[in-house]
file query-v2.txt (compact mmCIF, N, CA and C atoms)
# COMPACT_ATOMS: atom_id res chain seq x y z
N MET A 1 0.83 -1.18 0.00
CA MET A 1 0.00 0.00 0.00
C MET A 1 0.88 1.24 0.00
N ARG A 2 0.59 2.17 -0.90
CA ARG A 2 1.35 3.42 -0.99
C ARG A 2 0.42 4.59 -0.73
N LEU A 3 0.92 5.53 0.07
CA LEU A 3 0.18 6.76 0.37
C LEU A 3 1.14 7.94 0.25
N PHE A 4 0.61 9.08 -0.17
CA PHE A 4 1.45 10.27 -0.27
C PHE A 4 1.53 10.96 1.09
N CYS A 5 2.73 11.34 1.49
CA CYS A 5 2.96 12.07 2.74
C CYS A 5 3.42 13.48 2.39
N PRO A 6 2.57 14.49 2.59
CA PRO A 6 2.97 15.86 2.28
C PRO A 6 4.19 16.33 3.08
N TYR A 7 4.32 15.88 4.33
CA TYR A 7 5.46 16.30 5.14
C TYR A 7 6.77 15.85 4.51
N LEU A 8 6.81 14.62 4.02
CA LEU A 8 8.02 14.09 3.38
C LEU A 8 8.07 14.41 1.89
N ALA A 9 6.96 14.90 1.34
CA ALA A 9 6.84 15.18 -0.10
C ALA A 9 7.19 13.95 -0.93
N ALA A 10 6.66 12.81 -0.49
CA ALA A 10 6.96 11.56 -1.17
C ALA A 10 5.88 10.52 -0.85
N ASP A 11 5.84 9.50 -1.70
CA ASP A 11 4.99 8.35 -1.41
C ASP A 11 5.65 7.51 -0.33
N VAL A 12 4.83 6.99 0.57
CA VAL A 12 5.30 6.10 1.62
C VAL A 12 4.61 4.76 1.43
N GLU A 13 5.40 3.70 1.50
CA GLU A 13 4.85 2.36 1.31
C GLU A 13 4.70 1.67 2.66
N ARG A 14 3.51 1.12 2.90
CA ARG A 14 3.31 0.29 4.09
C ARG A 14 3.66 -1.13 3.67
N THR A 15 4.83 -1.58 4.09
CA THR A 15 5.36 -2.88 3.66
C THR A 15 4.63 -4.02 4.35
N THR A 16 4.84 -5.20 3.84
CA THR A 16 4.28 -6.41 4.44
C THR A 16 4.78 -6.55 5.87
N GLU A 17 6.04 -6.24 6.10
CA GLU A 17 6.61 -6.33 7.45
C GLU A 17 5.91 -5.37 8.40
N ARG A 18 5.66 -4.13 7.97
CA ARG A 18 4.96 -3.15 8.82
C ARG A 18 3.52 -3.57 9.04
N GLN A 19 2.89 -4.08 8.01
CA GLN A 19 1.51 -4.55 8.12
C GLN A 19 1.43 -5.67 9.16
N ARG A 20 2.39 -6.59 9.11
CA ARG A 20 2.45 -7.70 10.06
C ARG A 20 2.67 -7.17 11.48
N HIS A 21 3.60 -6.21 11.63
CA HIS A 21 3.87 -5.62 12.94
C HIS A 21 2.59 -5.01 13.53
N ILE A 22 1.88 -4.23 12.73
CA ILE A 22 0.65 -3.59 13.21
C ILE A 22 -0.38 -4.64 13.60
N ALA A 23 -0.56 -5.64 12.76
CA ALA A 23 -1.55 -6.68 13.03
C ALA A 23 -1.22 -7.47 14.30
N GLU A 24 0.07 -7.74 14.53
CA GLU A 24 0.47 -8.54 15.68
C GLU A 24 0.53 -7.74 16.97
N ARG A 25 1.05 -6.52 16.91
CA ARG A 25 1.29 -5.76 18.13
C ARG A 25 0.22 -4.72 18.44
N HIS A 26 -0.57 -4.38 17.43
CA HIS A 26 -1.63 -3.37 17.60
C HIS A 26 -2.89 -3.83 16.87
N PRO A 27 -3.42 -5.01 17.22
CA PRO A 27 -4.52 -5.59 16.47
C PRO A 27 -5.79 -4.75 16.46
N ASP A 28 -5.94 -3.85 17.41
CA ASP A 28 -7.12 -3.01 17.45
C ASP A 28 -7.12 -1.93 16.35
N LEU A 29 -5.96 -1.70 15.71
CA LEU A 29 -5.87 -0.66 14.68
C LEU A 29 -6.35 -1.12 13.30
N LEU A 30 -6.06 -2.38 12.97
CA LEU A 30 -6.42 -2.85 11.63
C LEU A 30 -7.43 -3.97 11.71
N PRO A 31 -8.38 -3.98 10.84
CA PRO A 31 -8.64 -3.01 9.78
C PRO A 31 -9.50 -1.83 10.22
N ALA A 32 -9.97 -1.85 11.47
CA ALA A 32 -10.93 -0.84 11.93
C ALA A 32 -10.47 0.60 11.76
N HIS A 33 -9.19 0.87 11.96
CA HIS A 33 -8.70 2.25 11.94
C HIS A 33 -7.68 2.51 10.83
N SER A 34 -7.72 1.74 9.77
CA SER A 34 -6.74 1.95 8.69
C SER A 34 -6.82 3.36 8.11
N GLN A 35 -8.01 3.95 8.09
CA GLN A 35 -8.15 5.32 7.59
C GLN A 35 -7.44 6.32 8.50
N LEU A 36 -7.33 6.01 9.80
CA LEU A 36 -6.63 6.91 10.72
C LEU A 36 -5.12 6.83 10.52
N LEU A 37 -4.61 5.68 10.10
CA LEU A 37 -3.19 5.57 9.76
C LEU A 37 -2.89 6.49 8.59
N ALA A 38 -3.75 6.48 7.58
CA ALA A 38 -3.56 7.35 6.41
C ALA A 38 -3.67 8.81 6.81
N GLU A 39 -4.61 9.14 7.69
CA GLU A 39 -4.78 10.52 8.14
C GLU A 39 -3.55 11.00 8.92
N THR A 40 -2.98 10.13 9.73
CA THR A 40 -1.76 10.47 10.47
C THR A 40 -0.63 10.78 9.51
N LEU A 41 -0.51 10.02 8.46
CA LEU A 41 0.53 10.23 7.46
C LEU A 41 0.30 11.54 6.71
N ARG A 42 -0.95 11.84 6.37
CA ARG A 42 -1.27 13.05 5.62
C ARG A 42 -1.11 14.32 6.45
N ASP A 43 -1.47 14.25 7.75
CA ASP A 43 -1.51 15.46 8.56
C ASP A 43 -1.14 15.16 10.01
N PRO A 44 0.14 14.89 10.30
CA PRO A 44 0.55 14.56 11.66
C PRO A 44 0.47 15.77 12.59
N ASP A 45 0.19 15.52 13.87
CA ASP A 45 0.25 16.57 14.89
C ASP A 45 1.70 16.90 15.22
N GLN A 46 2.55 15.88 15.15
CA GLN A 46 3.95 16.04 15.55
C GLN A 46 4.84 15.15 14.70
N VAL A 47 6.03 15.65 14.39
CA VAL A 47 7.05 14.86 13.70
C VAL A 47 8.34 15.01 14.51
N ARG A 48 8.94 13.88 14.84
CA ARG A 48 10.20 13.93 15.61
C ARG A 48 11.07 12.75 15.20
N ARG A 49 12.34 12.86 15.54
CA ARG A 49 13.28 11.78 15.25
C ARG A 49 13.16 10.71 16.32
N SER A 50 13.33 9.47 15.91
CA SER A 50 13.32 8.35 16.84
C SER A 50 14.56 8.43 17.73
N SER A 51 14.39 8.15 19.00
CA SER A 51 15.55 8.11 19.90
C SER A 51 16.29 6.78 19.79
N GLN A 52 15.65 5.79 19.15
CA GLN A 52 16.24 4.46 19.04
C GLN A 52 16.91 4.21 17.69
N ILE A 53 16.36 4.81 16.63
CA ILE A 53 16.89 4.60 15.28
C ILE A 53 17.13 5.98 14.67
N SER A 54 18.37 6.36 14.49
CA SER A 54 18.73 7.74 14.15
C SER A 54 18.16 8.26 12.83
N ASN A 55 17.96 7.42 11.85
CA ASN A 55 17.49 7.91 10.56
C ASN A 55 15.98 7.75 10.38
N VAL A 56 15.25 7.53 11.47
CA VAL A 56 13.80 7.33 11.41
C VAL A 56 13.08 8.52 12.00
N GLN A 57 12.05 8.98 11.28
CA GLN A 57 11.19 10.04 11.79
C GLN A 57 9.86 9.42 12.21
N LEU A 58 9.34 9.88 13.33
CA LEU A 58 8.07 9.39 13.86
C LEU A 58 7.00 10.45 13.61
N LEU A 59 5.92 10.07 13.00
CA LEU A 59 4.79 10.95 12.74
C LEU A 59 3.66 10.51 13.65
N SER A 60 3.10 11.43 14.43
CA SER A 60 2.05 11.04 15.37
C SER A 60 0.86 11.99 15.28
N ARG A 61 -0.29 11.45 15.66
CA ARG A 61 -1.53 12.22 15.66
C ARG A 61 -2.44 11.64 16.74
N TRP A 62 -3.09 12.53 17.49
CA TRP A 62 -4.00 12.15 18.56
C TRP A 62 -5.40 11.91 18.01
N PHE A 63 -6.02 10.81 18.46
CA PHE A 63 -7.39 10.48 18.07
C PHE A 63 -8.19 10.12 19.32
N GLU A 64 -9.22 10.89 19.61
CA GLU A 64 -10.13 10.59 20.72
C GLU A 64 -10.86 9.27 20.49
N SER A 65 -11.08 8.92 19.23
CA SER A 65 -11.90 7.75 18.89
C SER A 65 -11.16 6.42 19.04
N VAL A 66 -9.89 6.45 19.34
CA VAL A 66 -9.12 5.20 19.49
C VAL A 66 -8.93 4.93 20.98
N ARG A 67 -9.59 3.89 21.45
CA ARG A 67 -9.47 3.45 22.85
C ARG A 67 -9.67 4.57 23.87
N GLY A 68 -10.57 5.46 23.64
CA GLY A 68 -10.84 6.55 24.58
C GLY A 68 -9.81 7.66 24.53
N GLY A 69 -8.96 7.66 23.52
CA GLY A 69 -7.95 8.69 23.33
C GLY A 69 -6.55 8.11 23.28
N LYS A 70 -5.98 8.08 22.10
CA LYS A 70 -4.64 7.53 21.90
C LYS A 70 -3.94 8.23 20.75
N TYR A 71 -2.61 8.22 20.81
CA TYR A 71 -1.80 8.65 19.66
C TYR A 71 -1.60 7.46 18.74
N ILE A 72 -1.66 7.72 17.45
CA ILE A 72 -1.19 6.76 16.46
C ILE A 72 0.17 7.28 16.02
N VAL A 73 1.17 6.42 16.09
CA VAL A 73 2.54 6.80 15.75
C VAL A 73 3.00 5.92 14.59
N LEU A 74 3.48 6.58 13.55
CA LEU A 74 3.98 5.87 12.36
C LEU A 74 5.46 6.18 12.19
N TRP A 75 6.19 5.20 11.64
CA TRP A 75 7.59 5.43 11.27
C TRP A 75 7.92 4.66 10.04
call {"tool": "encode", "arguments": {"input": "query-v2.txt", "output": "structure tokens"}}
result
Amino acid sequence: MRLFCPYLAADVERTTERQRHIAERHPDLLPAHSQLLAETLRDPDQVRRSSQISNVQLLSRWFESVRGGKYIVLW
């Protein structure tokens, strides 16, 4: 799956590995909230560098509708 990220000015691909990670570690997100993943990519509340992986940027957005209020964080 490819989505355009205005912040990065590029298409971002959700790989099979990332899809598997989300399904295994965050099963409440997919498929119910897949549109919120896309929204986070399109319009993040915050962008910061990962403290664990130096060349990774984390895009996050707050959603009241996820578990009574949660951030979705993408990298």
call {"tool": "atom_distance", "arguments": {"input": "query-v2.txt", "atom1": "CA of Pro27 in chain A", "atom2": "CA of Arg49 in chain A"}}
result
24.9 Å
call {"tool": "select_by_dssp", "arguments": {"input": "query-v2.txt", "residues": "chain A", "states": "helix (DSSP H, G or I)", "output": "list in words"}}
result
Thr16, Glu17, Arg18, Gln19, Arg20, His21, Ile22, Ala23, Glu24, Arg25, Ser34, Gln35, Leu36, Leu37, Ala38, Glu39, Thr40, Leu41 and Arg42 of chain A
call {"tool": "residues_near_point", "arguments": {"input": "query-v2.txt", "point": "(-3.0, 5.3, 8.6)", "cutoff": "12 Å", "atoms": "only C-alpha atoms", "output": "ChimeraX atom specification"}}
result
/A:1-5,12-14,18-19,22,29-44,59-61,63,71-75
call {"tool": "select_by_dssp", "arguments": {"input": "query-v2.txt", "residues": "range 14-57 of chain A", "states": "strand (DSSP E or B)", "output": "list in words"}}
result
Gln46, Val47, Arg48, Arg49 and Gln57 of chain A
call {"tool": "atom_distance", "arguments": {"input": "query-v2.txt", "atom1": "CA of Gln52 in chain A", "atom2": "CA of Ala10 in chain A"}}
result
23.3 Å
call {"tool": "atom_distance", "arguments": {"input": "query-v2.txt", "atom1": "CA of Asp11 in chain A", "atom2": "CA of Ala23 in chain A"}}
result
21.8 Å
call {"tool": "closest_residue", "arguments": {"input": "query-v2.txt", "among": "A:Tyr7, A:Val47, A:Gln57, A:Asp28", "to": "Lys70 in chain A", "atoms": "only C-alpha atoms"}}
result
A:Asp28
